[in-house]
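Coordinates from coords.cif are shown below (mmCIF, C-alpha atoms).
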data_upload
loop_
_atom_site.group_PDB
_atom_site.id
_atom_site.type_symbol
_atom_site.label_atom_id
_atom_site.label_comp_id
_atom_site.auth_asym_id
_atom_site.auth_seq_id
_atom_site.Cartn_x
_atom_site.Cartn_y
_atom_site.Cartn_z
ATOM 1 C CA MET A 1 -5.950 -14.541 -9.541
ATOM 2 C CA ALA A 2 -4.232 -11.833 -7.559
ATOM 3 C CA ARG A 3 -2.561 -8.996 -9.441
ATOM 4 C CA ILE A 4 0.037 -8.436 -6.712
ATOM 5 C CA THR A 5 2.006 -11.330 -5.247
ATOM 6 C CA GLN A 6 0.679 -12.841 -2.033
ATOM 7 C CA LEU A 7 4.032 -13.659 -0.467
ATOM 8 C CA SER A 8 4.437 -17.232 0.706
ATOM 9 C CA ASP A 9 6.227 -17.905 3.968
ATOM 10 C CA ALA A 10 9.244 -19.089 1.981
ATOM 11 C CA ALA A 11 9.342 -15.952 -0.183
ATOM 12 C CA ALA A 12 8.990 -13.550 2.746
ATOM 13 C CA GLY A 13 12.147 -11.742 3.789
ATOM 14 C CA PRO A 14 13.216 -11.619 7.430
ATOM 15 C CA GLU A 15 11.067 -8.587 8.359
ATOM 16 C CA ALA A 16 7.932 -9.902 6.643
ATOM 17 C CA GLY A 17 8.613 -13.382 8.024
ATOM 18 C CA ALA A 18 8.741 -12.022 11.575
ATOM 19 C CA LEU A 19 5.458 -10.195 11.006
ATOM 20 C CA PHE A 20 3.915 -13.389 9.606
ATOM 21 C CA THR A 21 4.996 -15.257 12.727
ATOM 22 C CA ALA A 22 3.382 -12.620 14.945
ATOM 23 C CA ILE A 23 0.154 -12.656 12.892
ATOM 24 C CA ARG A 24 -0.011 -16.457 12.924
ATOM 25 C CA GLY A 25 0.510 -16.390 16.710
ATOM 26 C CA LYS A 26 -2.465 -14.056 17.153
ATOM 27 C CA ILE A 27 -4.984 -15.463 14.673
ATOM 28 C CA GLY A 28 -3.630 -18.853 13.626
ATOM 29 C CA MET A 29 -3.101 -17.944 9.955
ATOM 30 C CA VAL A 30 -1.703 -15.236 7.705
ATOM 31 C CA PRO A 31 -4.559 -13.827 5.589
ATOM 32 C CA ASN A 32 -3.768 -13.071 1.958
ATOM 33 C CA LEU A 33 -4.340 -9.343 2.578
ATOM 34 C CA TYR A 34 -1.295 -9.377 4.853
ATOM 35 C CA ARG A 35 0.642 -11.455 2.340
ATOM 36 C CA VAL A 36 0.014 -8.715 -0.252
ATOM 37 C CA ALA A 37 0.917 -5.898 2.150
ATOM 38 C CA ALA A 38 4.136 -7.758 3.042
ATOM 39 C CA ASN A 39 5.563 -6.890 -0.370
ATOM 40 C CA GLN A 40 6.563 -3.739 1.512
ATOM 41 C CA PRO A 41 7.078 -4.753 5.159
ATOM 42 C CA ALA A 42 6.803 -1.126 6.288
ATOM 43 C CA VAL A 43 3.252 -1.063 4.914
ATOM 44 C CA LEU A 44 2.314 -4.313 6.642
ATOM 45 C CA ASN A 45 3.852 -3.076 9.876
ATOM 46 C CA GLY A 46 1.916 0.207 9.562
ATOM 47 C CA LEU A 47 -1.327 -1.607 8.818
ATOM 48 C CA LEU A 48 -0.883 -3.864 11.843
ATOM 49 C CA GLY A 49 0.160 -0.954 14.046
ATOM 50 C CA LEU A 50 -2.850 1.121 13.066
ATOM 51 C CA GLY A 51 -5.178 -1.780 13.840
ATOM 52 C CA GLU A 52 -3.542 -2.360 17.223
ATOM 53 C CA ALA A 53 -3.707 1.337 18.091
ATOM 54 C CA LEU A 54 -7.372 1.609 17.126
ATOM 55 C CA ALA A 55 -8.186 -1.515 19.158
ATOM 56 C CA ARG A 56 -7.112 0.472 22.234
ATOM 57 C CA GLY A 57 -9.863 3.031 21.564
ATOM 58 C CA ASP A 58 -13.308 3.034 23.144
ATOM 59 C CA PHE A 59 -15.109 0.947 20.521
ATOM 60 C CA ASP A 60 -15.491 -2.739 21.345
ATOM 61 C CA ALA A 61 -14.664 -5.503 18.868
ATOM 62 C CA ARG A 62 -18.266 -5.854 17.676
ATOM 63 C CA THR A 63 -18.473 -2.131 16.888
ATOM 64 C CA ARG A 64 -15.117 -2.192 15.090
ATOM 65 C CA GLU A 65 -16.276 -5.154 13.012
ATOM 66 C CA ALA A 66 -19.583 -3.442 12.222
ATOM 67 C CA ILE A 67 -17.630 -0.466 10.865
ATOM 68 C CA ALA A 68 -15.396 -2.788 8.835
ATOM 69 C CA LEU A 69 -18.459 -4.417 7.296
ATOM 70 C CA ALA A 70 -20.171 -1.081 6.545
ATOM 71 C CA VAL A 71 -17.049 0.257 4.859
ATOM 72 C CA ALA A 72 -16.596 -3.000 2.908
ATOM 73 C CA GLY A 73 -20.206 -2.718 1.763
ATOM 74 C CA ALA A 74 -19.814 0.938 0.788
ATOM 75 C CA ASN A 75 -16.617 0.164 -1.138
ATOM 76 C CA ALA A 76 -17.815 -3.172 -2.584
ATOM 77 C CA CYS A 77 -14.832 -5.041 -1.110
ATOM 78 C CA ASP A 78 -15.695 -8.731 -1.214
ATOM 79 C CA TYR A 79 -12.419 -9.711 0.481
ATOM 80 C CA CYS A 80 -13.113 -7.528 3.529
ATOM 81 C CA ALA A 81 -16.794 -8.492 3.595
ATOM 82 C CA SER A 82 -15.741 -12.141 3.656
ATOM 83 C CA ALA A 83 -13.074 -11.695 6.330
ATOM 84 C CA HIS A 84 -15.128 -9.468 8.620
ATOM 85 C CA ALA A 85 -18.243 -11.645 8.293
ATOM 86 C CA VAL A 86 -16.152 -14.552 9.649
ATOM 87 C CA ILE A 87 -14.679 -12.404 12.425
ATOM 88 C CA SER A 88 -18.154 -11.111 13.323
ATOM 89 C CA ALA A 89 -19.528 -14.657 13.454
ATOM 90 C CA GLY A 90 -16.705 -15.493 15.862
ATOM 91 C CA LEU A 91 -17.927 -12.619 18.039
ATOM 92 C CA LYS A 92 -21.428 -14.166 17.987
ATOM 93 C CA VAL A 93 -22.901 -11.481 15.716
ATOM 94 C CA ALA A 94 -26.062 -12.884 14.124
ATOM 95 C CA PRO A 95 -26.052 -13.385 10.331
ATOM 96 C CA GLU A 96 -28.893 -10.870 9.905
ATOM 97 C CA ALA A 97 -26.853 -8.283 11.819
ATOM 98 C CA VAL A 98 -23.865 -8.933 9.508
ATOM 99 C CA GLU A 99 -26.159 -8.250 6.542
ATOM 100 C CA ALA A 100 -27.420 -5.053 8.144
ATOM 101 C CA HIS A 101 -23.874 -3.909 8.923
ATOM 102 C CA LEU A 102 -22.853 -4.447 5.290
ATOM 103 C CA ALA A 103 -25.709 -2.122 4.365
ATOM 104 C CA GLY A 104 -24.568 0.415 6.973
ATOM 105 C CA ARG A 105 -27.382 -0.250 9.437
ATOM 106 C CA SER A 106 -27.830 -1.663 12.930
ATOM 107 C CA ASP A 107 -30.728 -2.300 15.315
ATOM 108 C CA ASP A 108 -28.559 -0.829 18.076
ATOM 109 C CA PRO A 109 -29.077 2.964 17.949
ATOM 110 C CA ARG A 110 -25.477 3.812 18.910
ATOM 111 C CA ILE A 111 -23.947 1.431 16.382
ATOM 112 C CA ASP A 112 -26.454 2.628 13.789
ATOM 113 C CA ALA A 113 -25.269 6.217 14.320
ATOM 114 C CA ILE A 114 -21.642 5.115 13.974
ATOM 115 C CA LEU A 115 -22.403 3.162 10.779
ATOM 116 C CA THR A 116 -24.457 6.005 9.307
ATOM 117 C CA LEU A 117 -21.515 8.342 9.871
ATOM 118 C CA SER A 118 -19.077 5.736 8.496
ATOM 119 C CA VAL A 119 -21.012 5.344 5.256
ATOM 120 C CA ALA A 120 -21.356 9.134 4.946
ATOM 121 C CA ILE A 121 -17.585 9.499 5.355
ATOM 122 C CA VAL A 122 -16.963 6.960 2.569
ATOM 123 C CA ALA A 123 -19.591 8.462 0.263
ATOM 124 C CA ALA A 124 -18.340 12.025 0.759
ATOM 125 C CA ARG A 125 -14.643 11.039 0.724
ATOM 126 C CA GLY A 126 -14.384 12.583 4.165
ATOM 127 C CA MET A 127 -16.124 15.826 3.301
ATOM 128 C CA VAL A 128 -19.228 15.143 5.370
ATOM 129 C CA SER A 129 -21.853 17.810 5.769
ATOM 130 C CA ASP A 130 -22.716 19.804 8.866
ATOM 131 C CA ARG A 131 -25.972 17.841 8.833
ATOM 132 C CA ASP A 132 -24.063 14.519 8.988
ATOM 133 C CA LEU A 133 -22.120 15.690 12.035
ATOM 134 C CA ALA A 134 -25.218 17.146 13.682
ATOM 135 C CA ALA A 135 -27.044 13.837 13.212
ATOM 136 C CA ALA A 136 -24.122 11.952 14.753
ATOM 137 C CA ARG A 137 -24.098 14.288 17.746
ATOM 138 C CA GLU A 138 -27.880 14.159 18.120
ATOM 139 C CA ALA A 139 -27.595 10.362 18.186
ATOM 140 C CA GLY A 140 -25.256 10.697 21.158
ATOM 141 C CA LEU A 141 -21.833 10.414 19.557
ATOM 142 C CA SER A 142 -19.133 12.440 21.280
ATOM 143 C CA GLU A 143 -16.330 14.162 19.450
ATOM 144 C CA ALA A 144 -14.063 11.298 20.558
ATOM 145 C CA ASP A 145 -16.525 8.841 18.994
ATOM 146 C CA ILE A 146 -16.564 10.818 15.752
ATOM 147 C CA VAL A 147 -12.769 10.922 15.579
ATOM 148 C CA GLU A 148 -12.527 7.209 16.396
ATOM 149 C CA THR A 149 -15.070 6.473 13.661
ATOM 150 C CA VAL A 150 -12.937 8.362 11.148
ATOM 151 C CA GLY A 151 -9.893 6.350 12.235
ATOM 152 C CA HIS A 152 -11.658 3.033 11.680
ATOM 153 C CA VAL A 153 -13.128 4.143 8.361
ATOM 154 C CA VAL A 154 -9.703 5.179 7.078
ATOM 155 C CA ALA A 155 -8.071 1.927 8.235
ATOM 156 C CA ASN A 156 -10.741 -0.057 6.413
ATOM 157 C CA ILE A 157 -10.557 2.071 3.281
ATOM 158 C CA PHE A 158 -6.850 1.223 3.180
ATOM 159 C CA THR A 159 -7.522 -2.514 3.246
ATOM 160 C CA ASN A 160 -10.435 -2.204 0.814
ATOM 161 C CA TYR A 161 -8.329 -0.294 -1.690
ATOM 162 C CA LEU A 162 -5.329 -2.582 -1.332
ATOM 163 C CA ASN A 163 -7.603 -5.552 -2.021
ATOM 164 C CA HIS A 164 -9.119 -3.795 -5.044
ATOM 165 C CA VAL A 165 -5.700 -2.962 -6.494
ATOM 166 C CA ALA A 166 -4.276 -6.427 -5.780
ATOM 167 C CA ASP A 167 -7.448 -8.403 -6.517
ATOM 168 C CA THR A 168 -6.497 -10.397 -3.434
ATOM 169 C CA ASP A 169 -7.551 -14.049 -3.449
ATOM 170 C CA ILE A 170 -10.243 -14.514 -0.800
ATOM 171 C CA ASP A 171 -9.075 -17.021 1.791
ATOM 172 C CA PHE A 172 -12.244 -16.971 3.907
ATOM 173 C CA PRO A 173 -15.688 -18.326 3.056
ATOM 174 C CA SER A 174 -16.422 -16.008 0.146
ATOM 175 C CA ARG A 175 -19.333 -13.617 0.152
ATOM 176 C CA SER A 176 -20.404 -10.518 -1.668
ATOM 177 C CA ALA A 177 -19.927 -7.135 -0.056
ATOM 178 C CA ARG A 178 -23.419 -6.242 -1.167
ATOM 179 C CA ALA A 179 -25.944 -6.888 1.583
ATOM 180 C CA ALA A 180 -28.621 -9.415 0.682
#
What does this structure look like when you write it as structure tokens?
Amino acid sequence: MARITQLSDAAAGPEAGALFTAIRGKIGMVPNLYRVAANQPAVLNGLLGLGEALARGDFDARTREAIALAVAGANACDYCASAHAVISAGLKVAPEAVEAHLAGRSDDPRIDAILTLSVAIVAARGMVSDRDLAAAREAGLSEADIVETVGHVVANIFTNYLNHVADTDIDFPSRSARAA
């Protein structure tokens, strides 16, 4: 049971209600993560805005979801692992690739470099080594790619931590954040 209220539609104030309407219009539902964040509509609005801004970057949806899964795996966030596994499946990502992404790996060399850097960022709390950055560059990541990776990692850390604090009820087919 969640430790922070997952606001129902009826309990949402006007600002949160408007955000719920927008979310429902885009994805057909309001995930419990957003219902928790809506306790402070400014936080929900910021979370949504950050996601929309990052979606305008160079990384495609599959890469963004791979990062979300790697960060969920690194932070043991079952809610995010569950949600992003469903989103990845909708993008036609194979189940074995979802498992690899949760473990911070990919068969695609570019995505693998991004996930390796993502996991290093989480593990080092942002204080990655010169060797981590050199490996990312040697794998072909540009400085723009590195900065975009940091942005996605931070956005996913936010949702991971909010879910940990709230113990958000999983409203997707539940799975463990730990890769099989």
Box dimensions and centre (Å, one decimal) enclosing segment 3-8 of chain A, axis-aligned, 6 Å extra per side, as AutoDock Vina command-line options:
--center_x 0.9 --center_y -12.8 --center_z -4.4 --size_x 19.0 --size_y 20.8 --size_z 22.1
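Distance annotation: of A:Ser82, A:Thr159, A:Ala139, A:Ala123, the residue with the minimal separation from Tyr34 of chain A is A:Thr159; atom set is all atoms listed in the file.
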Give one line per residue of segment 1-106 of chain A that approaches segment 124-131 of chain A to at most 12 Å, naming the two atoms of the closest pair and their distance in Å to one decimal, counting all atoms listed in the file; sort by chain then ascending residue number and deliver it as a tab-separated table.
residue	atom	partner	partner_atom	distance
A:Val71	CA	A:Arg125	CA	11.8
A:Ala74	CA	A:Ala124	CA	11.2
A:Asn75	CA	A:Arg125	CA	11.2
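Across the structure, atom CA of Gly28 of chain A and atom CA of Asp171 of chain A are spaced 13.2 Å apart.
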>> Which residue is closest to Ile27 of chain A? Choose from A:Leu50, A:Ala81, A:Ile87, A:Leu141 and count all atoms listed in the file.
In response: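 Smallest separation from Ile27 of chain A among the options: A:Ile87.
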Please evaluate the PyMOL selection byres ((chain A and resi 157) around 10) against the displayed coordinates and give the resulting residues as a PDB file with C-alpha atoms, keeping the file's coordinate frame.
ATOM      1  CA  ALA A  68     -15.396  -2.788   8.835  1.00  0.00           C
ATOM      2  CA  VAL A  71     -17.049   0.257   4.859  1.00  0.00           C
ATOM      3  CA  ALA A  72     -16.596  -3.000   2.908  1.00  0.00           C
ATOM      4  CA  ALA A  74     -19.814   0.938   0.788  1.00  0.00           C
ATOM      5  CA  ASN A  75     -16.617   0.164  -1.138  1.00  0.00           C
ATOM      6  CA  CYS A  77     -14.832  -5.041  -1.110  1.00  0.00           C
ATOM      7  CA  CYS A  80     -13.113  -7.528   3.529  1.00  0.00           C
ATOM      8  CA  VAL A 122     -16.963   6.960   2.569  1.00  0.00           C
ATOM      9  CA  GLY A 151      -9.893   6.350  12.235  1.00  0.00           C
ATOM     10  CA  HIS A 152     -11.658   3.033  11.680  1.00  0.00           C
ATOM     11  CA  VAL A 153     -13.128   4.143   8.361  1.00  0.00           C
ATOM     12  CA  VAL A 154      -9.703   5.179   7.078  1.00  0.00           C
ATOM     13  CA  ALA A 155      -8.071   1.927   8.235  1.00  0.00           C
ATOM     14  CA  ASN A 156     -10.741  -0.057   6.413  1.00  0.00           C
ATOM     15  CA  PHE A 158      -6.850   1.223   3.180  1.00  0.00           C
ATOM     16  CA  THR A 159      -7.522  -2.514   3.246  1.00  0.00           C
ATOM     17  CA  ASN A 160     -10.435  -2.204   0.814  1.00  0.00           C
ATOM     18  CA  TYR A 161      -8.329  -0.294  -1.690  1.00  0.00           C
ATOM     19  CA  LEU A 162      -5.329  -2.582  -1.332  1.00  0.00           C
ATOM     20  CA  ASN A 163      -7.603  -5.552  -2.021  1.00  0.00           C
TER      21      ASN A 163
END
>> Please determine, counting all atoms listed in the file, which residue among A:Phe20, A:Leu91, A:Thr149, A:Thr5 has the shortest atom-to-atom distance to Leu48 of chain A.
In response: A:Phe20
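The coordinates place atom CA of Arg62 of chain A at 14.4 Å from atom CA of Ala113 of chain A.
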>> Under the PyMOL selection byres ((chain A and resi 44) around 10), which residues of this model are included? Write them out as a ChimeraX atom specification.
In response: /A:15-16,19-20,33-43,45-50
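Nearest residue to Ala12 of chain A among A:Arg137, A:Val30, A:Asp112, A:Gly25 is A:Val30, counting all atoms listed in the file.
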>> With 8 Å as the threshold, what does the neighbourhood of (-19.7, 2.8, 12.1) contain in terms of residues, counting all atoms listed in the file? Coordinates are those of the file; answer as a PyMOL selection string.
In response: chain A and resi 63-64+66-68+70+104+111-119+149+153
>> One decimal, in Å: what's the spacing between atom CA of Thr168 of chain A and atom CA of Ile23 of chain A?
In response: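 About the pair atom CA of Thr168 of chain A and atom CA of Ile23 of chain A: they are 17.8 Å apart.
When only C-alpha atoms are used to compute distances to His84 of chain A, the closest of the residues A:Ala10, A:Ala120, A:Ala97, A:Leu69 turns out to be A:Leu69.
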> Between A:Ala103, A:Val86, A:Val98, A:Ala144, which one has atoms that come closest to Gly73 of chain A, using only C-alpha atoms?
Replying inline: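 Using only C-alpha atoms, Gly73 of chain A sits closest to A:Ala103.
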Please rebuild segment 104-131 of chain A with N, CA and C atoms and return the result as a PDB file, in the frame of the given file.
ATOM      1  N   GLY A 104     -24.757  -0.800   6.195  1.00  0.00           N
ATOM      2  CA  GLY A 104     -24.568   0.415   6.973  1.00  0.00           C
ATOM      3  C   GLY A 104     -25.649   0.678   7.995  1.00  0.00           C
ATOM      4  N   ARG A 105     -26.290  -0.402   8.477  1.00  0.00           N
ATOM      5  CA  ARG A 105     -27.382  -0.250   9.437  1.00  0.00           C
ATOM      6  C   ARG A 105     -27.177  -1.172  10.637  1.00  0.00           C
ATOM      7  N   SER A 106     -27.830  -0.817  11.738  1.00  0.00           N
ATOM      8  CA  SER A 106     -27.830  -1.663  12.930  1.00  0.00           C
ATOM      9  C   SER A 106     -29.106  -1.420  13.722  1.00  0.00           C
ATOM     10  N   ASP A 107     -29.580  -2.449  14.417  1.00  0.00           N
ATOM     11  CA  ASP A 107     -30.728  -2.300  15.315  1.00  0.00           C
ATOM     12  C   ASP A 107     -30.339  -1.562  16.590  1.00  0.00           C
ATOM     13  N   ASP A 108     -29.052  -1.545  16.904  1.00  0.00           N
ATOM     14  CA  ASP A 108     -28.559  -0.829  18.076  1.00  0.00           C
ATOM     15  C   ASP A 108     -28.404   0.644  17.694  1.00  0.00           C
ATOM     16  N   PRO A 109     -29.103   1.549  18.361  1.00  0.00           N
ATOM     17  CA  PRO A 109     -29.077   2.964  17.949  1.00  0.00           C
ATOM     18  C   PRO A 109     -27.676   3.583  17.917  1.00  0.00           C
ATOM     19  N   ARG A 110     -26.837   3.244  18.885  1.00  0.00           N
ATOM     20  CA  ARG A 110     -25.477   3.812  18.910  1.00  0.00           C
ATOM     21  C   ARG A 110     -24.660   3.295  17.732  1.00  0.00           C
ATOM     22  N   ILE A 111     -24.699   1.996  17.508  1.00  0.00           N
ATOM     23  CA  ILE A 111     -23.947   1.431  16.382  1.00  0.00           C
ATOM     24  C   ILE A 111     -24.522   1.942  15.066  1.00  0.00           C
ATOM     25  N   ASP A 112     -25.839   2.090  15.002  1.00  0.00           N
ATOM     26  CA  ASP A 112     -26.454   2.628  13.789  1.00  0.00           C
ATOM     27  C   ASP A 112     -25.934   4.032  13.492  1.00  0.00           C
ATOM     28  N   ALA A 113     -25.797   4.855  14.518  1.00  0.00           N
ATOM     29  CA  ALA A 113     -25.269   6.217  14.320  1.00  0.00           C
ATOM     30  C   ALA A 113     -23.827   6.165  13.834  1.00  0.00           C
ATOM     31  N   ILE A 114     -23.034   5.261  14.397  1.00  0.00           N
ATOM     32  CA  ILE A 114     -21.642   5.115  13.974  1.00  0.00           C
ATOM     33  C   ILE A 114     -21.572   4.643  12.522  1.00  0.00           C
ATOM     34  N   LEU A 115     -22.419   3.677  12.156  1.00  0.00           N
ATOM     35  CA  LEU A 115     -22.403   3.162  10.779  1.00  0.00           C
ATOM     36  C   LEU A 115     -22.930   4.195   9.789  1.00  0.00           C
ATOM     37  N   THR A 116     -23.934   4.944  10.180  1.00  0.00           N
ATOM     38  CA  THR A 116     -24.457   6.005   9.307  1.00  0.00           C
ATOM     39  C   THR A 116     -23.355   7.021   9.016  1.00  0.00           C
ATOM     40  N   LEU A 117     -22.629   7.412  10.058  1.00  0.00           N
ATOM     41  CA  LEU A 117     -21.515   8.342   9.871  1.00  0.00           C
ATOM     42  C   LEU A 117     -20.418   7.701   9.021  1.00  0.00           C
ATOM     43  N   SER A 118     -20.120   6.437   9.266  1.00  0.00           N
ATOM     44  CA  SER A 118     -19.077   5.736   8.496  1.00  0.00           C
ATOM     45  C   SER A 118     -19.389   5.735   7.009  1.00  0.00           C
ATOM     46  N   VAL A 119     -20.607   5.387   6.666  1.00  0.00           N
ATOM     47  CA  VAL A 119     -21.012   5.344   5.256  1.00  0.00           C
ATOM     48  C   VAL A 119     -20.991   6.751   4.653  1.00  0.00           C
ATOM     49  N   ALA A 120     -21.401   7.746   5.435  1.00  0.00           N
ATOM     50  CA  ALA A 120     -21.356   9.134   4.946  1.00  0.00           C
ATOM     51  C   ALA A 120     -19.914   9.555   4.678  1.00  0.00           C
ATOM     52  N   ILE A 121     -18.997   9.162   5.558  1.00  0.00           N
ATOM     53  CA  ILE A 121     -17.585   9.499   5.355  1.00  0.00           C
ATOM     54  C   ILE A 121     -17.074   8.893   4.050  1.00  0.00           C
ATOM     55  N   VAL A 122     -17.396   7.622   3.811  1.00  0.00           N
ATOM     56  CA  VAL A 122     -16.963   6.960   2.569  1.00  0.00           C
ATOM     57  C   VAL A 122     -17.581   7.660   1.362  1.00  0.00           C
ATOM     58  N   ALA A 123     -18.888   7.878   1.415  1.00  0.00           N
ATOM     59  CA  ALA A 123     -19.591   8.462   0.263  1.00  0.00           C
ATOM     60  C   ALA A 123     -19.088   9.861  -0.063  1.00  0.00           C
ATOM     61  N   ALA A 124     -18.765  10.642   0.968  1.00  0.00           N
ATOM     62  CA  ALA A 124     -18.340  12.025   0.759  1.00  0.00           C
ATOM     63  C   ALA A 124     -16.822  12.173   0.701  1.00  0.00           C
ATOM     64  N   ARG A 125     -16.114  11.032   0.705  1.00  0.00           N
ATOM     65  CA  ARG A 125     -14.643  11.039   0.724  1.00  0.00           C
ATOM     66  C   ARG A 125     -14.127  11.948   1.838  1.00  0.00           C
ATOM     67  N   GLY A 126     -14.796  11.844   2.983  1.00  0.00           N
ATOM     68  CA  GLY A 126     -14.384  12.583   4.165  1.00  0.00           C
ATOM     69  C   GLY A 126     -15.005  13.952   4.306  1.00  0.00           C
ATOM     70  N   MET A 127     -15.579  14.467   3.247  1.00  0.00           N
ATOM     71  CA  MET A 127     -16.124  15.826   3.301  1.00  0.00           C
ATOM     72  C   MET A 127     -17.595  15.791   3.699  1.00  0.00           C
ATOM     73  N   VAL A 128     -17.856  15.270   4.903  1.00  0.00           N
ATOM     74  CA  VAL A 128     -19.228  15.143   5.370  1.00  0.00           C
ATOM     75  C   VAL A 128     -19.836  16.520   5.607  1.00  0.00           C
ATOM     76  N   SER A 129     -21.137  16.545   5.594  1.00  0.00           N
ATOM     77  CA  SER A 129     -21.853  17.810   5.769  1.00  0.00           C
ATOM     78  C   SER A 129     -22.023  18.136   7.250  1.00  0.00           C
ATOM     79  N   ASP A 130     -22.365  19.388   7.508  1.00  0.00           N
ATOM     80  CA  ASP A 130     -22.716  19.804   8.866  1.00  0.00           C
ATOM     81  C   ASP A 130     -23.892  18.965   9.369  1.00  0.00           C
ATOM     82  N   ARG A 131     -24.797  18.639   8.470  1.00  0.00           N
ATOM     83  CA  ARG A 131     -25.972  17.841   8.833  1.00  0.00           C
ATOM     84  C   ARG A 131     -25.554  16.439   9.279  1.00  0.00           C
TER      85      ARG A 131
END
